file protein-v1.pdb (PDB, C-alpha atoms (C1' of nucleotides))
ATOM      1  CA  MET I   1      -3.973   2.266 -11.300
ATOM      2  CA  ALA I   2      -3.833   0.636  -7.899
ATOM      3  CA  VAL I   3      -3.081  -3.036  -8.283
ATOM      4  CA  VAL I   4      -4.829  -5.211  -5.707
ATOM      5  CA  LYS I   5      -2.617  -8.138  -4.791
ATOM      6  CA  GLN I   6      -4.387 -11.428  -4.334
ATOM      7  CA  ARG I   7      -2.901 -14.389  -2.530
ATOM      8  CA  SER I   8      -4.318 -16.805  -5.087
ATOM      9  CA  ALA I   9      -7.121 -17.242  -7.620
ATOM     10  CA  CYS I  10      -9.186 -19.277  -5.144
ATOM     11  CA  PRO I  11     -12.700 -17.918  -4.503
ATOM     12  CA  ILE I  12     -12.360 -18.605  -0.780
ATOM     13  CA  SER I  13      -9.107 -16.711  -0.657
ATOM     14  CA  ASN I  14     -10.492 -13.779  -2.646
ATOM     15  CA  SER I  15     -13.536 -13.597  -0.413
ATOM     16  CA  LEU I  16     -11.350 -13.543   2.677
ATOM     17  CA  GLU I  17      -9.445 -10.611   1.246
ATOM     18  CA  ALA I  18     -12.709  -8.660   1.107
ATOM     19  CA  TRP I  19     -14.143  -9.437   4.552
ATOM     20  CA  GLY I  20     -11.845 -12.002   6.195
ATOM     21  CA  ASP I  21     -10.375  -9.862   8.934
ATOM     22  CA  LYS I  22     -11.168  -9.588  12.602
ATOM     23  CA  TRP I  23     -13.914  -6.977  12.258
ATOM     24  CA  SER I  24     -15.550  -6.756   8.837
ATOM     25  CA  LEU I  25     -18.167  -9.466   9.356
ATOM     26  CA  LEU I  26     -19.238  -7.799  12.601
ATOM     27  CA  ILE I  27     -19.749  -4.516  10.777
ATOM     28  CA  ILE I  28     -21.720  -6.376   8.101
ATOM     29  CA  ARG I  29     -23.711  -8.165  10.811
ATOM     30  CA  ASP I  30     -24.725  -4.842  12.335
ATOM     31  CA  LEU I  31     -25.858  -3.536   8.959
ATOM     32  CA  MET I  32     -27.910  -6.670   8.364
ATOM     33  CA  PHE I  33     -29.739  -6.084  11.613
ATOM     34  CA  ALA I  34     -30.137  -2.358  11.237
ATOM     35  CA  LYS I  35     -30.188  -1.678   7.468
ATOM     36  CA  GLN I  36     -28.390   1.638   7.964
ATOM     37  CA  LEU I  37     -26.032   2.904  10.620
ATOM     38  CA  THR I  38     -23.839   5.874  11.413
ATOM     39  CA  TYR I  39     -20.211   5.708  12.488
ATOM     40  CA  GLY I  40     -21.293   6.238  16.064
ATOM     41  CA  ASP I  41     -23.805   3.407  15.866
ATOM     42  CA  PHE I  42     -21.057   0.904  15.058
ATOM     43  CA  LEU I  43     -19.132   2.030  18.124
ATOM     44  CA  LYS I  44     -22.079   0.981  20.292
ATOM     45  CA  ALA I  45     -21.688  -2.702  19.369
ATOM     46  CA  PRO I  46     -20.694  -4.885  22.337
ATOM     47  CA  GLU I  47     -17.348  -5.892  20.796
ATOM     48  CA  LYS I  48     -15.998  -2.352  21.260
ATOM     49  CA  ILE I  49     -14.087  -1.740  18.074
ATOM     50  CA  ALA I  50     -11.445   0.987  18.262
ATOM     51  CA  THR I  51     -12.291   4.179  16.387
ATOM     52  CA  ASN I  52      -9.291   4.034  14.057
ATOM     53  CA  ILE I  53      -9.937   0.394  13.192
ATOM     54  CA  LEU I  54     -13.577   1.135  12.486
ATOM     55  CA  ALA I  55     -12.625   3.954  10.127
ATOM     56  CA  ALA I  56     -10.126   1.708   8.356
ATOM     57  CA  ARG I  57     -12.525  -1.202   7.977
ATOM     58  CA  LEU I  58     -15.399   0.994   6.779
ATOM     59  CA  GLN I  59     -13.107   2.454   4.151
ATOM     60  CA  ALA I  60     -11.916  -0.993   3.051
ATOM     61  CA  LEU I  61     -15.461  -2.332   2.855
ATOM     62  CA  GLU I  62     -16.446   0.681   0.785
ATOM     63  CA  GLU I  63     -13.472   0.139  -1.529
ATOM     64  CA  ASN I  64     -14.568  -3.471  -1.907
ATOM     65  CA  SER I  65     -18.088  -2.280  -2.830
ATOM     66  CA  ILE I  66     -19.659  -4.092   0.112
ATOM     67  CA  ILE I  67     -20.995  -0.937   1.753
ATOM     68  CA  THR I  68     -21.813   2.611   0.690
ATOM     69  CA  LYS I  69     -21.339   5.850   2.580
ATOM     70  CA  THR I  70     -23.758   8.725   2.045
ATOM     71  CA  VAL I  71     -24.541  11.948   3.884
ATOM     72  CA  HIS I  72     -27.332  11.616   6.385
ATOM     73  CA  PRO I  73     -30.541  13.155   5.019
ATOM     74  CA  GLU I  74     -31.176  14.983   8.293
ATOM     75  CA  SER I  75     -27.734  16.277   9.119
ATOM     76  CA  ARG I  76     -24.591  16.999   7.159
ATOM     77  CA  ALA I  77     -22.576  16.087  10.253
ATOM     78  CA  LYS I  78     -23.528  12.444   9.930
ATOM     79  CA  PHE I  79     -22.995   9.752   7.329
ATOM     80  CA  LEU I  80     -25.114   6.730   6.628
ATOM     81  CA  TYR I  81     -23.487   3.389   5.980
ATOM     82  CA  GLN I  82     -25.519   0.778   4.119
ATOM     83  CA  LEU I  83     -24.945  -2.584   2.468
ATOM     84  CA  THR I  84     -24.681  -2.745  -1.310
ATOM     85  CA  GLN I  85     -26.236  -5.674  -3.170
ATOM     86  CA  LYS I  86     -22.822  -7.340  -2.873
ATOM     87  CA  GLY I  87     -23.009  -6.881   0.871
ATOM     88  CA  ILE I  88     -26.615  -8.014   1.096
ATOM     89  CA  ASP I  89     -25.646 -11.138  -0.812
ATOM     90  CA  LEU I  90     -23.577 -12.178   2.188
ATOM     91  CA  TYR I  91     -26.838 -12.873   4.015
ATOM     92  CA  PRO I  92     -26.916 -16.640   3.318
ATOM     93  CA  LEU I  93     -23.343 -16.867   4.566
ATOM     94  CA  MET I  94     -24.288 -15.046   7.752
ATOM     95  CA  VAL I  95     -27.184 -17.427   8.290
ATOM     96  CA  GLU I  96     -24.874 -20.429   7.975
ATOM     97  CA  ILE I  97     -22.496 -18.949  10.526
ATOM     98  CA  ASN I  98     -25.415 -18.607  12.913
ATOM     99  CA  LEU I  99     -26.474 -22.204  12.327
ATOM    100  CA  TRP I 100     -22.945 -23.466  12.894
ATOM    101  CA  ALA I 101     -22.528 -21.391  16.037
ATOM    102  CA  GLU I 102     -25.878 -22.610  17.321
ATOM    103  CA  LYS I 103     -24.566 -26.165  17.212
ATOM    104  CA  TYR I 104     -21.320 -25.480  19.068
ATOM    105  CA  TYR I 105     -21.683 -22.399  21.231
ATOM    106  CA  PRO I 106     -24.273 -21.050  23.633
ATOM    107  CA  ILE I 107     -26.723 -18.711  21.936
ATOM    108  CA  PRO I 108     -28.045 -15.610  23.716
ATOM    109  CA  GLU I 109     -31.751 -15.763  24.468
ATOM    110  CA  GLU I 110     -32.600 -12.785  22.289
ATOM    111  CA  ARG I 111     -31.179 -14.511  19.225
ATOM    112  CA  LYS I 112     -33.147 -17.702  19.630
ATOM    113  CA  PRO I 113     -36.387 -16.475  18.022
ATOM    114  CA  LEU I 114     -34.424 -15.593  14.893
ATOM    115  CA  LEU I 115     -32.843 -19.033  14.779
ATOM    116  CA  ALA I 116     -36.261 -20.593  15.197
ATOM    117  CA  LEU I 117     -37.416 -18.732  12.107
ATOM    118  CA  ILE I 118     -34.385 -19.948  10.197
ATOM    119  CA  HIS I 119     -35.117 -23.537  11.152
ATOM    120  CA  LYS I 120     -38.740 -23.197  10.154
ATOM    121  CA  ASP I 121     -37.882 -22.230   6.582
ATOM    122  CA  LYS I 122     -34.351 -21.127   5.828
ATOM    123  CA  GLU I 123     -34.897 -20.024   2.243
ATOM    124  CA  ALA I 124     -38.000 -18.039   3.091
ATOM    125  CA  PHE I 125     -36.232 -16.375   5.996
ATOM    126  CA  ILE I 126     -33.308 -15.318   3.839
ATOM    127  CA  LYS I 127     -35.563 -14.066   1.078
ATOM    128  CA  LYS I 128     -37.657 -11.996   3.452
ATOM    129  CA  SER I 129     -34.620 -10.584   5.261
ATOM    130  CA  ILE I 130     -32.980  -9.582   1.997
ATOM    131  CA  GLU I 131     -36.181  -7.931   0.839
ATOM    132  CA  ALA I 132     -36.306  -5.949   4.047
ATOM    133  CA  LEU I 133     -32.769  -4.715   3.435
ATOM    134  CA  THR I 134     -33.445  -3.895  -0.190
ATOM    135  CA  LYS I 135     -36.683  -1.964   0.141
TER     136      LYS I 135
ATOM    137  CA  MET Z 136      -8.281 -23.517  33.959
ATOM    138  CA  ALA Z 137      -7.536 -21.424  30.908
ATOM    139  CA  VAL Z 138     -10.203 -18.803  30.467
ATOM    140  CA  VAL Z 139     -10.988 -18.017  26.826
ATOM    141  CA  LYS Z 140     -11.912 -14.372  26.467
ATOM    142  CA  GLN Z 141     -14.759 -13.651  24.116
ATOM    143  CA  ARG Z 142     -15.458 -10.269  22.621
ATOM    144  CA  SER Z 143     -19.194 -10.730  23.071
ATOM    145  CA  ALA Z 144     -21.917 -13.371  23.352
ATOM    146  CA  CYS Z 145     -22.806 -12.990  19.662
ATOM    147  CA  PRO Z 146     -22.676 -16.231  17.662
ATOM    148  CA  ILE Z 147     -21.018 -14.448  14.737
ATOM    149  CA  SER Z 148     -18.374 -13.025  17.029
ATOM    150  CA  ASN Z 149     -17.742 -16.383  18.706
ATOM    151  CA  SER Z 150     -17.438 -18.105  15.351
ATOM    152  CA  LEU Z 151     -14.925 -15.537  14.179
ATOM    153  CA  GLU Z 152     -12.819 -16.219  17.233
ATOM    154  CA  ALA Z 153     -12.573 -19.862  16.154
ATOM    155  CA  TRP Z 154     -11.777 -19.422  12.445
ATOM    156  CA  GLY Z 155     -11.976 -15.701  11.662
ATOM    157  CA  ASP Z 156      -8.324 -14.998  11.013
ATOM    158  CA  LYS Z 157      -6.350 -14.623   7.828
ATOM    159  CA  TRP Z 158      -5.567 -18.329   7.348
ATOM    160  CA  SER Z 159      -7.868 -20.744   9.174
ATOM    161  CA  LEU Z 160     -10.563 -20.966   6.501
ATOM    162  CA  LEU Z 161      -7.901 -21.755   3.899
ATOM    163  CA  ILE Z 162      -6.610 -24.617   6.039
ATOM    164  CA  ILE Z 163     -10.179 -25.847   6.457
ATOM    165  CA  ARG Z 164     -10.757 -25.478   2.704
ATOM    166  CA  ASP Z 165      -7.754 -27.701   1.980
ATOM    167  CA  LEU Z 166      -9.036 -30.353   4.375
ATOM    168  CA  MET Z 167     -12.466 -30.274   2.765
ATOM    169  CA  PHE Z 168     -10.893 -30.989  -0.593
ATOM    170  CA  ALA Z 169      -8.414 -33.582   0.618
ATOM    171  CA  LYS Z 170      -9.991 -35.162   3.719
ATOM    172  CA  GLN Z 171      -6.582 -35.568   5.357
ATOM    173  CA  LEU Z 172      -3.323 -33.702   4.973
ATOM    174  CA  THR Z 173       0.143 -33.516   6.472
ATOM    175  CA  TYR Z 174       1.902 -30.355   7.576
ATOM    176  CA  GLY Z 175       3.897 -30.393   4.367
ATOM    177  CA  ASP Z 176       0.735 -30.703   2.268
ATOM    178  CA  PHE Z 177      -0.615 -27.426   3.649
ATOM    179  CA  LEU Z 178       2.608 -25.683   2.686
ATOM    180  CA  LYS Z 179       1.970 -26.628  -0.956
ATOM    181  CA  ALA Z 180      -1.196 -24.491  -1.146
ATOM    182  CA  PRO Z 181      -0.842 -21.547  -3.541
ATOM    183  CA  GLU Z 182      -1.270 -18.915  -0.818
ATOM    184  CA  LYS Z 183       2.145 -19.795   0.641
ATOM    185  CA  ILE Z 184       1.535 -19.699   4.360
ATOM    186  CA  ALA Z 185       4.642 -19.230   6.512
ATOM    187  CA  THR Z 186       5.708 -22.307   8.482
ATOM    188  CA  ASN Z 187       5.395 -20.685  11.899
ATOM    189  CA  ILE Z 188       1.946 -19.308  11.092
ATOM    190  CA  LEU Z 189       0.820 -22.705   9.849
ATOM    191  CA  ALA Z 190       1.974 -24.354  13.070
ATOM    192  CA  ALA Z 191       0.192 -21.704  15.140
ATOM    193  CA  ARG Z 192      -3.073 -21.957  13.195
ATOM    194  CA  LEU Z 193      -3.103 -25.759  13.231
ATOM    195  CA  GLN Z 194      -2.643 -25.693  16.987
ATOM    196  CA  ALA Z 195      -5.415 -23.128  17.432
ATOM    197  CA  LEU Z 196      -7.801 -25.089  15.219
ATOM    198  CA  GLU Z 197      -7.026 -28.209  17.208
ATOM    199  CA  GLU Z 198      -7.641 -26.355  20.469
ATOM    200  CA  ASN Z 199     -10.964 -25.215  19.053
ATOM    201  CA  SER Z 200     -11.828 -28.832  18.196
ATOM    202  CA  ILE Z 201     -12.136 -28.068  14.489
ATOM    203  CA  ILE Z 202      -9.322 -30.401  13.447
ATOM    204  CA  THR Z 203      -7.518 -33.405  14.916
ATOM    205  CA  LYS Z 204      -3.860 -34.345  14.709
ATOM    206  CA  THR Z 205      -2.848 -38.018  14.674
ATOM    207  CA  VAL Z 206       0.313 -39.901  13.786
ATOM    208  CA  HIS Z 207       0.438 -41.054  10.204
ATOM    209  CA  PRO Z 208      -0.309 -44.788   9.959
ATOM    210  CA  GLU Z 209       2.633 -45.317   7.631
ATOM    211  CA  SER Z 210       5.302 -43.233   9.288
ATOM    212  CA  ARG Z 211       5.869 -41.879  12.746
ATOM    213  CA  ALA Z 212       7.648 -38.904  11.191
ATOM    214  CA  LYS Z 213       4.376 -37.582   9.809
ATOM    215  CA  PHE Z 214       1.115 -36.409  11.288
ATOM    216  CA  LEU Z 215      -2.311 -36.456   9.748
ATOM    217  CA  TYR Z 216      -4.612 -33.497  10.124
ATOM    218  CA  GLN Z 217      -8.336 -34.092   9.653
ATOM    219  CA  LEU Z 218     -11.569 -32.213  10.211
ATOM    220  CA  THR Z 219     -13.679 -33.076  13.237
ATOM    221  CA  GLN Z 220     -17.464 -33.115  12.937
ATOM    222  CA  LYS Z 221     -17.357 -29.497  14.068
ATOM    223  CA  GLY Z 222     -15.006 -28.747  11.190
ATOM    224  CA  ILE Z 223     -17.018 -30.741   8.686
ATOM    225  CA  ASP Z 224     -20.092 -28.793   9.757
ATOM    226  CA  LEU Z 225     -18.492 -25.713   8.248
ATOM    227  CA  TYR Z 226     -19.160 -27.210   4.822
ATOM    228  CA  PRO Z 227     -22.426 -25.306   4.157
ATOM    229  CA  LEU Z 228     -20.639 -22.096   5.098
ATOM    230  CA  MET Z 229     -17.844 -22.874   2.655
ATOM    231  CA  VAL Z 230     -20.378 -23.516  -0.087
ATOM    232  CA  GLU Z 231     -21.993 -20.139   0.508
ATOM    233  CA  ILE Z 232     -18.628 -18.415   0.287
ATOM    234  CA  ASN Z 233     -18.090 -20.064  -3.067
ATOM    235  CA  LEU Z 234     -21.503 -18.981  -4.298
ATOM    236  CA  TRP Z 235     -20.887 -15.415  -3.184
ATOM    237  CA  ALA Z 236     -17.446 -15.329  -4.752
ATOM    238  CA  GLU Z 237     -18.842 -16.757  -7.966
ATOM    239  CA  LYS Z 238     -21.128 -13.753  -8.252
ATOM    240  CA  TYR Z 239     -18.445 -11.116  -7.701
ATOM    241  CA  TYR Z 240     -15.034 -12.507  -8.637
ATOM    242  CA  PRO Z 241     -13.604 -14.514 -11.512
ATOM    243  CA  ILE Z 242     -13.651 -18.242 -10.824
ATOM    244  CA  PRO Z 243     -10.790 -20.489 -11.979
ATOM    245  CA  GLU Z 244     -11.810 -22.962 -14.662
ATOM    246  CA  GLU Z 245     -11.066 -25.997 -12.505
ATOM    247  CA  ARG Z 246     -13.556 -24.874  -9.864
ATOM    248  CA  LYS Z 247     -16.446 -24.385 -12.259
ATOM    249  CA  PRO Z 248     -17.546 -28.043 -12.411
ATOM    250  CA  LEU Z 249     -17.905 -28.032  -8.629
ATOM    251  CA  LEU Z 250     -20.012 -24.877  -8.724
ATOM    252  CA  ALA Z 251     -22.173 -26.441 -11.421
ATOM    253  CA  LEU Z 252     -22.863 -29.338  -9.073
ATOM    254  CA  ILE Z 253     -23.766 -26.921  -6.304
ATOM    255  CA  HIS Z 254     -26.215 -25.100  -8.546
ATOM    256  CA  LYS Z 255     -27.788 -28.347  -9.675
ATOM    257  CA  ASP Z 256     -28.730 -29.356  -6.124
ATOM    258  CA  LYS Z 257     -27.070 -27.564  -3.254
ATOM    259  CA  GLU Z 258     -28.407 -29.703  -0.428
ATOM    260  CA  ALA Z 259     -27.540 -32.946  -2.197
ATOM    261  CA  PHE Z 260     -24.053 -31.686  -2.971
ATOM    262  CA  ILE Z 261     -23.407 -30.743   0.643
ATOM    263  CA  LYS Z 262     -24.777 -34.026   1.932
ATOM    264  CA  LYS Z 263     -22.670 -36.070  -0.414
ATOM    265  CA  SER Z 264     -19.523 -34.054   0.276
ATOM    266  CA  ILE Z 265     -19.967 -34.378   4.013
ATOM    267  CA  GLU Z 266     -20.510 -38.104   3.668
ATOM    268  CA  ALA Z 267     -17.282 -38.377   1.710
ATOM    269  CA  LEU Z 268     -15.439 -36.593   4.508
ATOM    270  CA  THR Z 269     -17.054 -38.687   7.212
ATOM    271  CA  LYS Z 270     -16.591 -42.175   5.754
TER     272      LYS Z 270
ATOM    273  C1'  DA Q 271     -20.844  33.257  20.399
ATOM    274  C1'  DC Q 272     -19.983  28.957  22.779
ATOM    275  C1'  DA Q 273     -20.623  24.247  23.960
ATOM    276  C1'  DT Q 274     -21.684  19.836  22.067
ATOM    277  C1'  DT Q 275     -22.117  16.256  18.729
ATOM    278  C1'  DT Q 276     -20.175  13.594  15.050
ATOM    279  C1'  DA Q 277     -16.711  11.576  12.437
ATOM    280  C1'  DC Q 278     -12.910  10.932  12.240
ATOM    281  C1'  DT Q 279      -7.047  11.359  12.728
ATOM    282  C1'  DT Q 280      -2.726  10.855  15.209
ATOM    283  C1'  DG Q 281       0.894   8.856  18.080
ATOM    284  C1'  DC Q 282       2.413   5.122  20.193
ATOM    285  C1'  DA Q 283       2.208   0.286  22.391
ATOM    286  C1'  DA Q 284       1.077  -4.477  21.706
ATOM    287  C1'  DA Q 285      -0.048  -8.355  19.002
ATOM    288  C1'  DA Q 286      -0.178 -10.926  14.713
ATOM    289  C1'  DT Q 287       1.967 -12.006  10.518
ATOM    290  C1'  DG Q 288       5.902 -12.809   7.362
ATOM    291  C1'  DC Q 289      10.651 -14.285   6.254
ATOM    292  C1'  DA Q 290      14.785 -16.892   6.661
ATOM    293  C1'  DA Q 291      17.415 -19.877   9.051
ATOM    294  C1'  DG Q 292      17.946 -23.495  12.406
ATOM    295  C1'  DT Q 293      16.742 -27.879  15.110
ATOM    296  C1'  DA Q 294      15.336 -32.633  16.217
ATOM    297  C1'  DA Q 295      13.209 -36.972  15.515
ATOM    298  C1'  DA Q 296      12.209 -40.464  12.079
ATOM    299  C1'  DT Q 297      13.188 -42.506   7.794
ATOM    300  C1'  DT Q 298      15.921 -43.760   3.724
ATOM    301  C1'  DA Q 299      20.215 -44.539   1.233
ATOM    302  C1'  DA Q 300      24.999 -45.924   1.154
TER     303       DA Q 300
ATOM    304  C1'  DT O 301      25.769 -48.913  10.703
ATOM    305  C1'  DT O 302      26.377 -44.605   9.560
ATOM    306  C1'  DA O 303      25.283 -40.558   6.894
ATOM    307  C1'  DA O 304      22.068 -37.989   4.180
ATOM    308  C1'  DT O 305      17.334 -36.775   3.736
ATOM    309  C1'  DT O 306      12.613 -36.010   4.971
ATOM    310  C1'  DT O 307       9.276 -34.126   8.036
ATOM    311  C1'  DA O 308       7.543 -31.143  11.354
ATOM    312  C1'  DC O 309       8.298 -27.948  13.414
ATOM    313  C1'  DT O 310      10.963 -23.612  16.396
ATOM    314  C1'  DT O 311      13.490 -19.301  16.717
ATOM    315  C1'  DG O 312      14.868 -14.532  15.871
ATOM    316  C1'  DC O 313      13.773 -10.583  13.852
ATOM    317  C1'  DA O 314      11.324  -7.252  10.494
ATOM    318  C1'  DT O 315       6.894  -5.702   9.016
ATOM    319  C1'  DT O 316       2.049  -5.119   9.352
ATOM    320  C1'  DT O 317      -2.161  -4.969  11.833
ATOM    321  C1'  DT O 318      -4.650  -4.049  15.836
ATOM    322  C1'  DG O 319      -5.622  -1.560  20.182
ATOM    323  C1'  DC O 320      -5.733   2.465  23.242
ATOM    324  C1'  DA O 321      -6.009   7.243  24.396
ATOM    325  C1'  DA O 322      -6.020  11.682  23.138
ATOM    326  C1'  DG O 323      -6.709  15.244  19.770
ATOM    327  C1'  DT O 324      -8.932  17.755  15.689
ATOM    328  C1'  DA O 325     -12.415  19.818  12.575
ATOM    329  C1'  DA O 326     -16.792  20.510  10.598
ATOM    330  C1'  DA O 327     -21.648  20.738  11.613
ATOM    331  C1'  DT O 328     -25.178  21.420  14.866
ATOM    332  C1'  DG O 329     -27.548  22.882  19.115
ATOM    333  C1'  DT O 330     -28.076  26.418  22.986
TER     334       DT O 330
END
call {"tool": "encode", "arguments": {"input": "protein-v1.pdb", "output": "structure tokens"}}
result
Amino acid sequence: MAVVKQRSACPISNSLEAWGDKWSLLIIRDLMFAKQLTYGDFLKAPEKIATNILAARLQALEENSIITKTVHPESRAKFLYQLTQKGIDLYPLMVEINLWAEKYYPIPEERKPLLALIHKDKEAFIKKSIEALTK
Amino acid sequence: MAVVKQRSACPISNSLEAWGDKWSLLIIRDLMFAKQLTYGDFLKAPEKIATNILAARLQALEENSIITKTVHPESRAKFLYQLTQKGIDLYPLMVEINLWAEKYYPIPEERKPLLALIHKDKEAFIKKSIEALTK
DNA sequence: ACATTTACTTGCAAAATGCAAGTAAATTAA
DNA sequence: TTAATTTACTTGCATTTTGCAAGTAAATGT
């Protein structure tokens, strides 16, 4: 039995151990936008994650039940990464990050329509986005 | 002029550069509970941050305008660390982390009353908590 | 059969974190 | 008034994580 060390019993601390590194939330972000991605898709993100780091983070996220890895239906050479319910449930958190960032950092034009929707009705936006990921 | 490199223009990415390391959110958590803390207070947290790391993170958070450092009114040997408005604005984010963690990890007994308040009326809870930090 | 795509792994350098001990200014105790 | 203590760090070094570049292996395309 592998024993997972935790720094403390604090929910914040435990959460950080699941996704609180330099890359995990960016991987989760990409999956929230795209619903499903291949290894190569993640490498296309503008932050340019290194291939070994990506492999390590994907594995850790899978071990933490935040994403799943399945063979691509159209090719056995590819794998599909998707969010689990646990991963999808990070959506409200991601929305709050966006709202915070909007207040303190410049927002790229192409993200502004999304933020407008959030401001219009946050709960509805989250609900609809989660439904889109679930279906 | 110091140029701050950013990995991308993404709001999530920029946010992570401000507080997306192994310790910053725990420091912010402590300040949300306590409103103001000294260097020594942070060292008492159960996660046992190393002194050099604490100094480095406090400095980075100050540089990112998330916390302030002022001399303690009662002793020039101490400094008070407090959240700025930018730091306080992370409160909704912190609440969402708690709600997510509540769903997937065991929650210590002493945190459960707080979560009950959040469930009762999230917006009211956040508003009141922020007011308490601001006054 | 051979080249290409895809998902990695490997080796090594650089950066961040962790540990233990040390320092310096301010405060308190003798 | 001097010495011990408190407080906030810094320093040196080991360990871990991240980053870069190149390499590998299975599946697919030509």
call {"tool": "resolve_selection", "arguments": {"input": "protein-v1.pdb", "expression": "the PyMOL selection byres ((chain I and resi 86) around 10)", "output": "MDAnalysis selection string"}}
result
(chainID I and resid 64:67 83:85 87:91) or (chainID Z and resid 235:236 238:239)
call {"tool": "residues_around", "arguments": {"input": "protein-v1.pdb", "residues": "range 27-34 of chain I", "least_positions_apart": "5", "cutoff": "10 Å", "atoms": "all atoms listed in the file", "output": "ChimeraX atom specification"}}
result
/I:19,41-43,45,49,54,57-58,61,66-67,81-83,87-88,90-91,94,129-130,132-133 /Z:147-148
call {"tool": "closest_residue", "arguments": {"input": "protein-v1.pdb", "among": "I:Cys10, I:Ile126, I:Lys5, I:Ala77", "to": "chain Z", "atoms": "all atoms listed in the file"}}
result
I:Cys10
call {"tool": "axis_aligned_box", "arguments": {"input": "protein-v1.pdb", "around": "range 280-298 of chain Q", "padding_each_side": "5 Å", "output": "AutoDock Vina command-line options"}}
result
--center_x 7.6 --center_y -16.5 --center_z 13.1 --size_x 30.7 --size_y 64.6 --size_z 28.7
call {"tool": "interface_residues", "arguments": {"input": "protein-v1.pdb", "of": "chain Q", "to": "chain I", "cutoff": "10 Å", "atoms": "all atoms listed in the file", "output": "list in words"}}
result
DT275, DT276, DA277, DC278, DT279 and DT280 of chain Q
call {"tool": "resolve_selection", "arguments": {"input": "protein-v1.pdb", "expression": "the PyMOL selection byres ((chain I) within 7 of (chain Z))", "output": "list in words"}}
result
Arg7, Ser8, Ala9, Pro11, Ile12, Ser13, Ser15, Gly20, Asp21, Lys22, Leu26, Pro46, Glu47, Asp89, Leu90, Pro92, Leu93, Glu96, Ile97, Asn98, Trp100, Ala101, Ile107 and Pro108 of chain I
call {"tool": "interface_residues", "arguments": {"input": "protein-v1.pdb", "of": "chain O", "to": "chain Z", "cutoff": "8 Å", "atoms": "all atoms listed in the file", "output": "NGL selection string"}}
result
:O and (307-310)
call {"tool": "atom_distance", "arguments": {"input": "protein-v1.pdb", "atom1": "CA of Asp256 in chain Z", "atom2": "CA of Lys127 in chain I"}}
result
18.2 Å
call {"tool": "decode", "arguments": {"input": "protein-v1.pdb", "residues": "range 181-218 of chain Z", "atoms": "C-alpha atoms", "output": "PDB file, in the first residue's frame"}}
result
ATOM      1  CA  PRO Z 181       0.980  22.723  10.944  1.00  0.00           C
ATOM      2  CA  GLU Z 182       2.588  22.425   7.502  1.00  0.00           C
ATOM      3  CA  LYS Z 183       5.966  23.481   8.932  1.00  0.00           C
ATOM      4  CA  ILE Z 184       7.333  25.785   6.279  1.00  0.00           C
ATOM      5  CA  ALA Z 185      11.110  26.271   6.328  1.00  0.00           C
ATOM      6  CA  THR Z 186      12.271  29.700   7.499  1.00  0.00           C
ATOM      7  CA  ASN Z 187      14.088  30.592   4.289  1.00  0.00           C
ATOM      8  CA  ILE Z 188      11.122  29.556   2.150  1.00  0.00           C
ATOM      9  CA  LEU Z 189       8.776  31.594   4.317  1.00  0.00           C
ATOM     10  CA  ALA Z 190      10.966  34.673   3.929  1.00  0.00           C
ATOM     11  CA  ALA Z 191      11.121  34.165   0.161  1.00  0.00           C
ATOM     12  CA  ARG Z 192       7.365  33.664  -0.225  1.00  0.00           C
ATOM     13  CA  LEU Z 193       6.479  36.634   1.979  1.00  0.00           C
ATOM     14  CA  GLN Z 194       8.752  38.821  -0.114  1.00  0.00           C
ATOM     15  CA  ALA Z 195       7.250  37.532  -3.362  1.00  0.00           C
ATOM     16  CA  LEU Z 196       3.700  38.054  -2.112  1.00  0.00           C
ATOM     17  CA  GLU Z 197       4.618  41.573  -1.080  1.00  0.00           C
ATOM     18  CA  GLU Z 198       6.159  42.235  -4.492  1.00  0.00           C
ATOM     19  CA  ASN Z 199       2.940  40.989  -6.052  1.00  0.00           C
ATOM     20  CA  SER Z 200       0.954  43.394  -3.852  1.00  0.00           C
ATOM     21  CA  ILE Z 201      -0.974  40.572  -2.199  1.00  0.00           C
ATOM     22  CA  ILE Z 202       0.318  41.308   1.299  1.00  0.00           C
ATOM     23  CA  THR Z 203       1.864  44.261   3.125  1.00  0.00           C
ATOM     24  CA  LYS Z 204       4.599  44.304   5.736  1.00  0.00           C
ATOM     25  CA  THR Z 205       4.578  46.971   8.457  1.00  0.00           C
ATOM     26  CA  VAL Z 206       6.341  47.401  11.778  1.00  0.00           C
ATOM     27  CA  HIS Z 207       4.393  46.073  14.714  1.00  0.00           C
ATOM     28  CA  PRO Z 208       2.784  48.927  16.670  1.00  0.00           C
ATOM     29  CA  GLU Z 209       3.959  47.457  19.959  1.00  0.00           C
ATOM     30  CA  SER Z 210       7.497  46.455  19.127  1.00  0.00           C
ATOM     31  CA  ARG Z 211      10.008  47.446  16.513  1.00  0.00           C
ATOM     32  CA  ALA Z 212      11.406  43.915  16.649  1.00  0.00           C
ATOM     33  CA  LYS Z 213       8.289  42.543  14.988  1.00  0.00           C
ATOM     34  CA  PHE Z 214       6.573  43.041  11.671  1.00  0.00           C
ATOM     35  CA  LEU Z 215       2.932  42.653  10.832  1.00  0.00           C
ATOM     36  CA  TYR Z 216       1.881  40.945   7.642  1.00  0.00           C
ATOM     37  CA  GLN Z 217      -1.602  41.683   6.315  1.00  0.00           C
ATOM     38  CA  LEU Z 218      -3.592  41.066   3.160  1.00  0.00           C
TER      39      LEU Z 218
END
